[in-house]
Amino acid sequence: MEYNFKELEAKWQQEWQKQQTYQVKVDSSKPKFYVLDMFPYPSGAGLHVGHPLGYIASDIYSRYKRLCGFNVLHPMGYDAFGLPAEQYAIQTGQHPAVTTEQNVTRYRSQLDKIGFSYDWSREVRTCEPEYYKWTQWAFLEMFSHYYDNTLGKAEKIEKLIAHFAEKGTEGLNVACSEQLSFTAEEWNSWSEKKREEVLHNYRLAFRADTMVNWCPALGTVLANDEVKDGLSERGGHPVVQRKMKQWLLRVTAYAPRLLEGLDKLEWSESLKEIQRNWIGKSTGAQVFFDIEGSDKKLEIFTTRPDTIFGVTFMVIAPEHEWVKELTSSDAQNEVEAYLEATKKRSERERIAETKRVSGVFTGSYAINPFTGKRIPIYVSDYVLAGYGTGAIMAVPAHDSRDWAFAKHFGLEIIPVVEGGNVEEASYDAKEGKLINSDFINGLDVKVAIERMWDEIEARGLGKRKVNYRLRDAIFSRQRYWGEPFPIYYKDDVAYPLSLDALPLELPEVEKFTPTAEGEPPLARSEKWQTAEGYPYETSTMPGFAGSSAYYLRYMDPHNSEALVSSEANEYWRNVDLYVGGIEHATGHLIYSRFWNKFLYDLGYICEDEPFKKLVNQGMIQGRSNFVYRVVGTNKFVSLGLRKEYETQEIHVDVNIVKNDILDLDAFRAWRPDFADAEFILEDGKYVCGWAIEKMSKSMFNVVNPDYIVDNYGADTLRMYEMFLGPLEQSKPWDTNGIDGVHKFLRRFWSKFFDKAGNFVVTDEEPTPAELKTLHKTIKKVREDIENFSFNTSIAAFMICLNELGQCNKRAILEPFAVLLSPFTPHISEELWHLLGNEGSVCDAHYPEFNPDFLVENSFEYPVSFNGKMRFKKSLPLGISTEEIQALILADEQTLKYTEGKTPKKVIIVAGKIINIVL
RNA sequence: GCGGAGAUGGCGUAAUUGGUAGUCGCGCCAGACUUAGGAUCUGGUGGCGAGAGCCGUGUGGGUUCGAGUCCCACUCCCCGCACCA
């Protein structure tokens, strides 16, 4: 019988759907396992072969775990709010909900064709009110909590209010935007409006005037991780810095926990490192410098307090709040001109011109607290307002940026650490002995840093301090297609909606563009206000809002009382395996960890980290094909002959090329201008050139999984994507090898049938050799799946099939089919039933490895003489070292190599002769 | 500049973790069956050499009886961060 993948795949996909084979329930009699894919944004282009790579891997693992007796939660859904649908709506007037629905339908049919074992009854879509109700709910919880640094957790805002009413800010150690200081009397005397303003300084979801990344082309603000090199990640539009009132999430409150939590996670080192860099912890000290002729003290942050004797100037950021005060009247014009010039430069220009030194002297001086020296204060944009205090002590001898600045302005450079030549370059290394530094002379840098921290604190000049590079996440977007904020305004004060008013549903609007006044599209709706007529917030939430807790919702997707019930949460806990792209390293994967930790603090969930193990699948690149047109003609010359002509390289659709051989008729039919193309062939074929490029429409190298499924079947696609190489590695999509995998499946299938197509599996006892082959494969495949080494386990299957030869015994073939089923669910299901089994192959027990079948009577070991000549010897098992030595020395082959000499040394490791030294 | 990961036949990859480098697949070569082959099956296939053999895991050193694997230095490619004080 022929392997008719089309028929049997359709048959089983329908059957699985009918039987709801993959639905799971809480079952405390079984251990749970939660396997999650990063849910896709349903774009209009549909899936290409790169998308399913991770899905296939996680599906294999899910099926494997299920066969091993785990109750596996393996859900799927859609990250359905987003910019592309909205932009499409602006262009076409079609409601984003409509296009999103269409795209979701397309995605679903593509996913179904590949035979995934998702429990679709748990599907979530972030754009549905039943879902975003819980996004809004979490936001309100953040709004009504603050972060207590001493307790290390989020607390109710009422507790803070009570503290203010009783003691003001005294004794507070809480996360805030700005260090405020007020008394209980002051607090109690303030108006409600003033108090609300102050509370925003502490809330975990809060409103503030901040410098934001404003993208004029998109008409919205963007988070730091949505901006790359001064351009928007989506669309590549320029981004400028602007001060605006926005909603933010106080992610920075959780920075220490986000950092520490990484150590416990089974994530790749590179991904953890990306997050560590993004969080950017640096341990240093704040130091206050007196300002000459002022009672103010300039606060700076430094990680190198040991170099304080080498400070020869100070620099403050152009946005520093004291710039005006510190500017003397003589310097005023120059400073103002400088501020004006820096303001005009966009973020992009600023990045591009990092090498150019610029700045001006303010005319004021600070006093070095250790030397008493006068040091000039400069303004320069190489100091960033947003990091530390926006002011630095400059040590040109040991900081390359300060060095460049000092050279440019002819400032003094005093070396304080031995080791470099500060005339030529700064010596930035944190090693060497201190010089020119009074009481720390002779100390090693690391010792000196510790010593100075103590000294600074003892003299009351400042404190040790930890700074983070991580910024609070800007949480509002001036867009339509996102979650509305459950917030209304009264007298410009933001008030939360009550929980029973949720979800606050997106209103209909006529157009999806900003209003003429530049208000977000929601302002177009006249109904966008409370019953009392107070206006709702018109911004919507960003893309990461909906994806921050979706893994929790899958546990209990239809619960209308809670995000997730505690029963469901205590059973499923957190994600055991998360598979997805590395591009979310500094976005989604930070925000959802923050979100999770926050909900954990409030006691809604029982795990502090959302994703225990995370695997990043590599990117699938495109493999483009080229044809070579002889310039000025419609003749196309094959790759090997193109040197003889002057040719022009043209991308050709990879779907009409097979193994780099062009389908000539398909090519003529491809485009009208090639209809009468002529070809110069080599060996009767047209060979195309190729290159590895990004998979994109314009390169004609997009391979749609549907095409592979139609021509080879889903099982072949699944196996082939895994066979391509290690999962984590980026690799080009190359269909050239797909025949090998397809051939394997056909050969496997044909084992069950004779030439006439009769089912011929026998109940004969397997031979020891057959059992050995089977169990060797079981061992290898189990180990490889556990290690996510799917490509090598496929190789093991292929070897097994070759070794089995003509074997058609049930005792071998049935376990083989089950072993293979995570990779090839359809063919395995069909064979499982042909073998007379009921139910589904996914309820079978995964074959256990039995070491008894691998027992050998003898073992082989390599023998080398002086590390040169080698041969393989076979000896019986379980003999002593002395016996081995005796056998070796009496052996003819050995004597040949020793030429009758007695070896000086016989090296035996773990019972094996490793080498014989003459 | 800082940090991470990597480099093995014509190609994608593998190597019991220090023990005969090249598993599996593609491609290629030969053969079988065929009117035919872009189907199927069988065998071969790192390079050089007629041969015995020699050389081979980015480069150069080192440790070891023995190194793709461990150590040192370097080169190149990919990725992340980047005036972060």
# chains A, B, ... in the order shown; residues from 1 in each chain; ligands from 1
>>> interface_residues(of="chain B", to="chain A", cutoff="8 Å", atoms="only C-alpha atoms (C1' of nucleotides)", output="ChimeraX atom specification")
/B:3-5,12-14,19-20,23-26,65-66,80-81,83-85
>>> select_by_dssp(residues="region 734-880 of chain A", states="strand (DSSP E or B)", output="mmCIF file with C-alpha atoms, in the first residue's frame")
data_model
loop_
_atom_site.group_PDB
_atom_site.id
_atom_site.type_symbol
_atom_site.label_atom_id
_atom_site.label_comp_id
_atom_site.auth_asym_id
_atom_site.auth_seq_id
_atom_site.Cartn_x
_atom_site.Cartn_y
_atom_site.Cartn_z
ATOM 1 C CA PHE A 753 3.288 -4.093 3.787
ATOM 2 C CA PHE A 759 -0.443 -5.766 5.803
ATOM 3 C CA THR A 762 3.959 -10.848 12.199
ATOM 4 C CA LYS A 809 7.797 -8.150 13.565
ATOM 5 C CA SER A 858 32.855 -8.979 24.760
ATOM 6 C CA PHE A 859 34.009 -5.465 24.466
ATOM 7 C CA GLU A 860 36.182 -3.718 21.997
ATOM 8 C CA TYR A 861 38.806 -1.178 22.817
ATOM 9 C CA PRO A 862 41.381 0.724 20.851
ATOM 10 C CA VAL A 863 44.999 -0.233 21.333
ATOM 11 C CA SER A 864 47.808 2.116 20.488
ATOM 12 C CA PHE A 865 51.533 1.768 20.748
ATOM 13 C CA MET A 869 49.880 2.302 15.685
ATOM 14 C CA ARG A 870 46.422 1.304 16.621
ATOM 15 C CA PHE A 871 44.081 -1.585 16.248
ATOM 16 C CA LYS A 872 40.907 -2.726 17.820
ATOM 17 C CA LYS A 873 40.807 -5.684 20.154
ATOM 18 C CA SER A 874 37.934 -7.655 21.468
ATOM 19 C CA LEU A 875 38.100 -9.257 24.931
ATOM 20 C CA PRO A 876 35.577 -11.048 27.120
#
>>> atom_distance(atom1="CA of Tyr628 (chain A)", atom2="CA of Glu682 (chain A)")
13.1 Å
>>> closest_residue(among="A:Ile114, A:Leu614, A:Ala217, A:Val422", to="Glu9 (chain A)", atoms="only C-alpha atoms")
A:Ile114
>>> atom_distance(atom1="CA of Leu745 (chain A)", atom2="C1' of U40 (chain B)")
14.2 Å
>>> decode(residues="region 482-508 of chain A", atoms="N, CA and C atoms", output="compact mmCIF listing (two decimals), in the first residue's frame")
# COMPACT_ATOMS: atom_id res chain seq x y z
N GLY A 482 -5.58 48.65 20.89
CA GLY A 482 -4.93 48.16 22.10
C GLY A 482 -5.92 48.19 23.25
N GLU A 483 -5.47 47.76 24.42
CA GLU A 483 -6.37 47.72 25.57
C GLU A 483 -6.60 49.14 26.10
N PRO A 484 -7.87 49.53 26.29
CA PRO A 484 -8.13 50.83 26.90
C PRO A 484 -7.72 50.82 28.37
N PHE A 485 -7.32 51.98 28.86
CA PHE A 485 -7.00 52.10 30.28
C PHE A 485 -8.29 52.22 31.09
N PRO A 486 -8.43 51.49 32.17
CA PRO A 486 -9.63 51.62 33.01
C PRO A 486 -9.50 52.83 33.93
N ILE A 487 -9.34 53.99 33.32
CA ILE A 487 -9.04 55.22 34.06
C ILE A 487 -9.93 56.34 33.51
N TYR A 488 -10.44 57.16 34.43
CA TYR A 488 -11.10 58.39 33.97
C TYR A 488 -10.52 59.58 34.71
N TYR A 489 -10.79 60.76 34.18
CA TYR A 489 -10.18 61.97 34.74
C TYR A 489 -11.22 62.91 35.29
N LYS A 490 -10.91 63.44 36.47
CA LYS A 490 -11.76 64.45 37.09
C LYS A 490 -10.80 65.53 37.53
N ASP A 491 -10.96 66.73 37.04
CA ASP A 491 -10.06 67.82 37.40
C ASP A 491 -8.61 67.42 37.11
N ASP A 492 -8.40 66.73 36.00
CA ASP A 492 -7.08 66.26 35.58
C ASP A 492 -6.44 65.27 36.56
N VAL A 493 -7.23 64.74 37.47
CA VAL A 493 -6.72 63.70 38.36
C VAL A 493 -7.22 62.35 37.84
N ALA A 494 -6.29 61.37 37.76
CA ALA A 494 -6.67 60.05 37.23
C ALA A 494 -7.31 59.22 38.33
N TYR A 495 -8.49 58.67 38.02
CA TYR A 495 -9.16 57.78 38.97
C TYR A 495 -9.37 56.43 38.33
N PRO A 496 -9.21 55.37 39.12
CA PRO A 496 -9.41 54.02 38.56
C PRO A 496 -10.90 53.68 38.48
N LEU A 497 -11.25 52.90 37.49
CA LEU A 497 -12.61 52.35 37.44
C LEU A 497 -12.72 51.25 38.49
N SER A 498 -13.92 50.99 38.95
CA SER A 498 -14.07 49.89 39.90
C SER A 498 -13.99 48.57 39.13
N LEU A 499 -13.63 47.50 39.86
CA LEU A 499 -13.40 46.22 39.21
C LEU A 499 -14.63 45.71 38.46
N ASP A 500 -15.82 45.97 39.01
CA ASP A 500 -17.00 45.44 38.33
C ASP A 500 -17.35 46.23 37.06
N ALA A 501 -16.63 47.34 36.82
CA ALA A 501 -16.83 48.06 35.56
C ALA A 501 -15.98 47.47 34.43
N LEU A 502 -15.16 46.47 34.77
CA LEU A 502 -14.30 45.86 33.76
C LEU A 502 -15.05 44.74 33.03
N PRO A 503 -14.76 44.46 31.80
CA PRO A 503 -13.79 45.19 30.98
C PRO A 503 -14.36 46.51 30.47
N LEU A 504 -13.47 47.48 30.35
CA LEU A 504 -13.85 48.71 29.68
C LEU A 504 -13.55 48.48 28.20
N GLU A 505 -14.62 48.32 27.41
CA GLU A 505 -14.42 47.89 26.03
C GLU A 505 -14.05 49.02 25.09
N LEU A 506 -13.28 48.68 24.09
CA LEU A 506 -12.87 49.64 23.05
C LEU A 506 -14.10 50.20 22.36
N PRO A 507 -14.19 51.52 22.23
CA PRO A 507 -15.34 52.10 21.55
C PRO A 507 -15.15 52.04 20.03
N GLU A 508 -16.24 52.15 19.31
CA GLU A 508 -16.13 52.26 17.85
C GLU A 508 -15.72 53.69 17.50
